[in-house]
>>> print(open('coords01.cif').read())   # mmCIF, C-alpha atoms
data_run
loop_
_atom_site.label_atom_id
_atom_site.label_comp_id
_atom_site.auth_asym_id
_atom_site.auth_seq_id
_atom_site.Cartn_x
_atom_site.Cartn_y
_atom_site.Cartn_z
CA MET A 1 21.86 25.15 31.17
CA SER A 2 20.89 21.91 29.42
CA LEU A 3 21.05 21.38 25.68
CA THR A 4 18.13 21.87 23.32
CA ASN A 5 16.74 18.51 22.17
CA ILE A 6 16.17 18.14 18.44
CA ALA A 7 14.66 15.10 16.71
CA VAL A 8 15.50 14.83 13.01
CA VAL A 9 12.73 12.63 11.65
CA TYR A 10 12.96 11.39 8.09
CA TYR A 11 11.44 8.96 5.64
CA SER A 12 13.49 7.98 2.62
CA SER A 13 12.98 5.20 0.10
CA THR A 14 16.14 5.61 -1.96
CA GLY A 15 18.31 7.95 0.10
CA THR A 16 17.65 11.59 -0.79
CA ASN A 17 15.85 12.54 2.40
CA TYR A 18 18.28 10.48 4.45
CA LYS A 19 21.07 12.68 3.08
CA LEU A 20 19.09 15.85 3.85
CA ALA A 21 18.45 14.53 7.37
CA LYS A 22 22.14 13.77 7.91
CA TRP A 23 23.07 17.33 6.93
CA ALA A 24 20.41 18.63 9.33
CA GLU A 25 21.73 16.38 12.11
CA GLU A 26 25.27 17.64 11.55
CA ALA A 27 24.25 21.29 11.60
CA ALA A 28 22.02 20.93 14.66
CA LYS A 29 24.90 19.37 16.56
CA GLU A 30 27.18 22.19 15.42
CA ALA A 31 24.59 24.61 16.82
CA GLY A 32 24.91 22.94 20.22
CA ALA A 33 21.81 20.75 20.28
CA GLU A 34 21.37 17.23 21.54
CA VAL A 35 20.20 15.44 18.40
CA LYS A 36 18.40 12.19 17.62
CA LEU A 37 18.28 11.03 13.99
CA VAL A 38 15.33 8.67 13.55
CA ARG A 39 13.57 7.14 10.55
CA VAL A 40 9.88 6.59 10.00
CA ALA A 41 9.21 2.86 9.82
CA GLU A 42 8.97 1.31 6.37
CA THR A 43 5.54 -0.26 5.88
CA ALA A 44 5.58 -0.94 2.14
CA PRO A 45 5.19 -4.60 1.10
CA GLU A 46 8.47 -6.46 0.62
CA GLU A 47 7.51 -7.36 -2.95
CA ALA A 48 7.15 -3.66 -3.82
CA ILE A 49 10.53 -2.83 -2.31
CA ALA A 50 12.18 -5.75 -4.10
CA GLN A 51 11.09 -4.36 -7.47
CA ASN A 52 13.24 -1.26 -6.92
CA PRO A 53 16.91 -2.19 -6.30
CA ALA A 54 17.77 1.31 -5.01
CA TRP A 55 14.93 1.17 -2.48
CA LYS A 56 15.97 -2.29 -1.29
CA GLN A 57 19.61 -1.26 -1.03
CA HIS A 58 18.87 1.92 0.93
CA LEU A 59 16.61 0.09 3.37
CA GLU A 60 19.37 -2.43 4.02
CA GLU A 61 22.01 0.28 4.43
CA THR A 62 19.96 2.20 7.01
CA LYS A 63 18.48 -0.71 8.94
CA ASP A 64 20.42 0.31 12.06
CA VAL A 65 18.99 3.84 12.18
CA PRO A 66 16.51 3.90 15.10
CA VAL A 67 12.83 3.89 14.16
CA ALA A 68 10.95 7.05 15.15
CA SER A 69 8.51 6.77 18.04
CA ASN A 70 6.22 8.97 20.08
CA ASP A 71 8.88 8.93 22.79
CA ASP A 72 11.22 10.80 20.44
CA LEU A 73 8.57 13.45 19.83
CA GLU A 74 7.91 13.89 23.54
CA TRP A 75 11.65 14.12 24.26
CA ALA A 76 12.37 16.76 21.64
CA ASP A 77 12.06 20.52 21.99
CA GLY A 78 12.04 20.78 18.22
CA PHE A 79 11.68 18.61 15.13
CA ILE A 80 13.15 18.70 11.66
CA PHE A 81 11.20 16.52 9.22
CA SER A 82 12.53 15.42 5.84
CA VAL A 83 10.13 13.54 3.59
CA PRO A 84 9.61 12.98 -0.14
CA THR A 85 6.45 14.09 -1.85
CA ARG A 86 3.73 11.64 -2.88
CA PHE A 87 1.18 13.35 -5.11
CA GLY A 88 1.71 16.62 -3.25
CA ASN A 89 1.42 15.07 0.17
CA VAL A 90 3.50 13.12 2.66
CA PRO A 91 4.10 9.40 2.04
CA ALA A 92 1.67 6.93 3.60
CA GLN A 93 4.40 5.80 5.99
CA VAL A 94 4.70 9.32 7.38
CA LYS A 95 0.93 9.83 7.56
CA SER A 96 0.65 6.61 9.58
CA PHE A 97 3.34 7.84 11.96
CA LEU A 98 1.61 11.20 12.41
CA ASP A 99 -1.78 9.56 12.90
CA ALA A 100 -0.34 7.60 15.83
CA THR A 101 0.45 10.79 17.78
CA GLY A 102 -3.11 11.25 19.01
CA GLY A 103 -2.24 10.43 22.61
CA LEU A 104 0.54 13.02 22.73
CA TRP A 105 -1.73 15.57 21.09
CA PHE A 106 -4.62 14.87 23.49
CA ASN A 107 -2.35 15.34 26.51
CA GLY A 108 -0.80 18.54 25.18
CA LYS A 109 2.65 17.02 24.88
CA LEU A 110 3.32 18.58 21.45
CA VAL A 111 2.29 22.14 22.26
CA ASN A 112 5.03 24.72 21.64
CA LYS A 113 7.40 22.25 20.03
CA VAL A 114 9.32 23.96 17.23
CA VAL A 115 9.18 22.32 13.81
CA SER A 116 10.50 22.77 10.30
CA ALA A 117 10.37 20.49 7.28
CA MET A 118 12.14 19.62 4.04
CA SER A 119 11.12 17.66 0.96
CA SER A 120 12.12 16.30 -2.45
CA ALA A 121 10.56 15.31 -5.77
CA GLN A 122 11.61 14.34 -9.29
CA ASN A 123 10.75 17.67 -10.92
CA PRO A 124 10.76 21.30 -9.81
CA HIS A 125 6.96 21.48 -9.60
CA GLY A 126 6.44 18.00 -8.20
CA GLY A 127 4.65 19.09 -5.03
CA GLN A 128 7.50 19.90 -2.65
CA GLU A 129 5.93 23.09 -1.29
CA GLN A 130 2.52 21.45 -0.96
CA THR A 131 4.03 18.48 0.87
CA ILE A 132 5.74 20.74 3.39
CA THR A 133 2.65 22.87 4.00
CA ASN A 134 0.48 19.77 4.35
CA LEU A 135 2.89 18.50 6.99
CA TYR A 136 2.70 21.87 8.75
CA THR A 137 -1.09 21.56 8.86
CA THR A 138 -0.68 18.64 11.24
CA MET A 139 1.74 20.70 13.31
CA PHE A 140 -0.81 23.49 13.64
CA HIS A 141 -3.20 20.94 15.16
CA TRP A 142 -0.45 19.94 17.58
CA GLY A 143 -0.03 23.55 18.69
CA ALA A 144 3.56 23.43 17.49
CA ILE A 145 5.48 26.50 16.33
CA VAL A 146 6.54 26.38 12.68
CA ALA A 147 10.05 27.71 12.05
CA ALA A 148 10.11 27.92 8.27
CA PRO A 149 13.35 29.34 6.86
CA GLY A 150 11.63 32.09 4.89
CA TYR A 151 14.31 34.12 3.14
CA SER A 152 16.38 34.49 6.28
CA ASP A 153 19.69 33.57 4.63
CA GLN A 154 21.29 33.78 1.20
CA SER A 155 21.60 29.99 1.14
CA VAL A 156 17.81 29.73 0.74
CA PHE A 157 18.03 31.51 -2.62
CA ALA A 158 21.01 29.43 -3.72
CA GLY A 159 19.16 26.24 -2.77
CA GLY A 160 16.11 26.96 -4.92
CA GLY A 161 14.31 29.64 -2.93
CA ASN A 162 11.64 27.63 -1.09
CA PRO A 163 10.58 29.75 1.93
CA TYR A 164 8.53 26.94 3.50
CA GLY A 165 11.46 24.58 3.88
CA THR A 166 14.40 23.34 1.86
CA SER A 167 13.38 21.22 -1.13
CA VAL A 168 15.37 19.52 -3.83
CA THR A 169 14.78 18.07 -7.28
CA VAL A 170 16.19 14.61 -7.90
CA ASP A 171 16.76 12.98 -11.29
CA GLN A 172 15.99 9.38 -12.25
CA ASP A 173 19.42 8.30 -11.02
CA GLY A 174 18.96 9.87 -7.60
CA ASN A 175 21.20 12.89 -8.22
CA MET A 176 20.21 16.17 -6.57
CA GLN A 177 19.76 18.93 -9.15
CA GLU A 178 20.25 21.85 -6.76
CA ASP A 179 23.00 22.43 -4.20
CA VAL A 180 20.94 22.55 -1.02
CA GLU A 181 23.43 21.50 1.65
CA ALA A 182 23.97 25.04 2.93
CA ALA A 183 20.21 25.73 2.93
CA VAL A 184 19.55 22.55 4.91
CA LYS A 185 22.20 23.45 7.46
CA HIS A 186 20.90 27.01 7.82
CA GLN A 187 17.37 25.69 8.34
CA ALA A 188 18.55 23.22 10.97
CA LYS A 189 20.51 25.86 12.87
CA ARG A 190 17.56 28.24 12.70
CA THR A 191 15.31 25.54 14.15
CA VAL A 192 17.76 24.97 17.01
CA ASP A 193 17.99 28.72 17.64
CA ILE A 194 14.23 29.21 17.87
CA ALA A 195 13.72 26.06 19.93
CA SER A 196 16.43 27.16 22.36
CA ARG A 197 14.76 30.55 22.81
CA ILE A 198 11.39 28.95 23.57
CA HIS A 199 12.63 26.04 25.64
CA SER A 200 15.47 27.67 27.59
CA LYS A 201 16.13 25.46 30.58
#
>>> encode(input="coords01.cif", output="structure tokens")
Amino acid sequence: MSLTNIAVVYYSSTGTNYKLAKWAEEAAKEAGAEVKLVRVAETAPEEAIAQNPAWKQHLEETKDVPVASNDDLEWADGFIFSVPTRFGNVPAQVKSFLDATGGLWFNGKLVNKVVSAMSSAQNPHGGQEQTITNLYTTMFHWGAIVAAPGYSDQSVFAGGGNPYGTSVTVDQDGNMQEDVEAAVKHQAKRTVDIASRIHSK
């Protein structure tokens, strides 16, 4: 029996969602999946990035992480997205990536893929839940199967209690305000479990 393929797709400007994605990658591998960690391409102007030293540094540090493509989405049985919130929605970089999936969608290549998502913001009511549910709206159009964590494990409560997907608050210095590592890993393993049930090979 072949392994379940999981694509961990993230966008991160200063590193928070990269860290969430790395925890998800680790847990998905522990659950027995074949995992690809890929980043959504950075499309912000260089002058904007240069004005934020943390953004510039993180981009340099992760330049060798493969850039996400439609091939990764077609390959995967399931996806785990990790993206920051931008005014209660996904960043423009992520929206551009999603908008380029029309060919896969048209040909039914995304139907029955299993997906879950995570997010972050600078305050507890900064739009994390809305960002995740807005991302899931696209997945509904794909015909994908959303595997939100709900309250399926105690770690969800300990990590802030977001049933739609793990989310974290980050202070001005980039420090996570909640301990969400266990919640991220539970969510990743749950995604692998559901994807393996649907895509048993």
>>> residues_around(input="coords01.cif", residues="Tyr11 in chain A", least_positions_apart="2", cutoff="6 Å", atoms="only C-alpha atoms", output="PyMOL selection string")
chain A and resi 39-40+83
>>> closest_residue(input="coords01.cif", among="A:Asp173, A:Glu42, A:Asp77, A:Glu129", to="Val192 in chain A", atoms="all atoms listed in the file")
A:Asp77
>>> resolve_selection(input="coords01.cif", expression="the PyMOL selection byres ((chain A and resi 60) around 12)", output="list in words")
Ser13, Thr14, Gly15, Glu42, Ile49, Ala50, Pro53, Ala54, Trp55, Lys56, Gln57, His58, Leu59, Glu61, Thr62, Lys63, Asp64 and Val65 of chain A
>>> closest_residue(input="coords01.cif", among="A:Ser119, A:Ser96, A:Thr101, A:Asn107", to="Leu73 in chain A", atoms="all atoms listed in the file")
A:Thr101
>>> atom_distance(input="coords01.cif", atom1="CA of Thr169 in chain A", atom2="CA of Met139 in chain A")
24.5 Å
>>> residues_around(input="coords01.cif", residues="Glu34 in chain A", least_positions_apart="5", cutoff="7 Å", atoms="all atoms listed in the file", output="list in words")
Leu3, Thr4, Asn5, Ile6 and Lys29 of chain A
>>> residues_around(input="coords01.cif", residues="Trp75 in chain A", least_positions_apart="4", cutoff="12 Å", atoms="only C-alpha atoms", output="list in words")
Leu3, Thr4, Asn5, Ile6, Ala7, Val8, Glu34, Val35, Lys36, Ala68, Ser69, Asn70, Asp71, Phe79, Leu104, Lys109, Leu110 and Lys113 of chain A
>>> write_last_selection(input="coords01.cif", atoms="C-alpha atoms", output="JSON list (two decimals), keeping the file's coordinate frame")
[["chain", "number", "residue", "atom", "x", "y", "z"],
["A", 3, "LEU", "CA", 21.05, 21.38, 25.68],
["A", 4, "THR", "CA", 18.13, 21.87, 23.32],
["A", 5, "ASN", "CA", 16.74, 18.51, 22.17],
["A", 6, "ILE", "CA", 16.17, 18.14, 18.44],
["A", 7, "ALA", "CA", 14.66, 15.10, 16.71],
["A", 8, "VAL", "CA", 15.50, 14.83, 13.01],
["A", 34, "GLU", "CA", 21.37, 17.23, 21.54],
["A", 35, "VAL", "CA", 20.20, 15.44, 18.40],
["A", 36, "LYS", "CA", 18.40, 12.19, 17.62],
["A", 68, "ALA", "CA", 10.95, 7.05, 15.15],
["A", 69, "SER", "CA", 8.51, 6.77, 18.04],
["A", 70, "ASN", "CA", 6.22, 8.97, 20.08],
["A", 71, "ASP", "CA", 8.88, 8.93, 22.79],
["A", 79, "PHE", "CA", 11.68, 18.61, 15.13],
["A", 104, "LEU", "CA", 0.54, 13.02, 22.73],
["A", 109, "LYS", "CA", 2.65, 17.02, 24.88],
["A", 110, "LEU", "CA", 3.32, 18.58, 21.45],
["A", 113, "LYS", "CA", 7.40, 22.25, 20.03]]
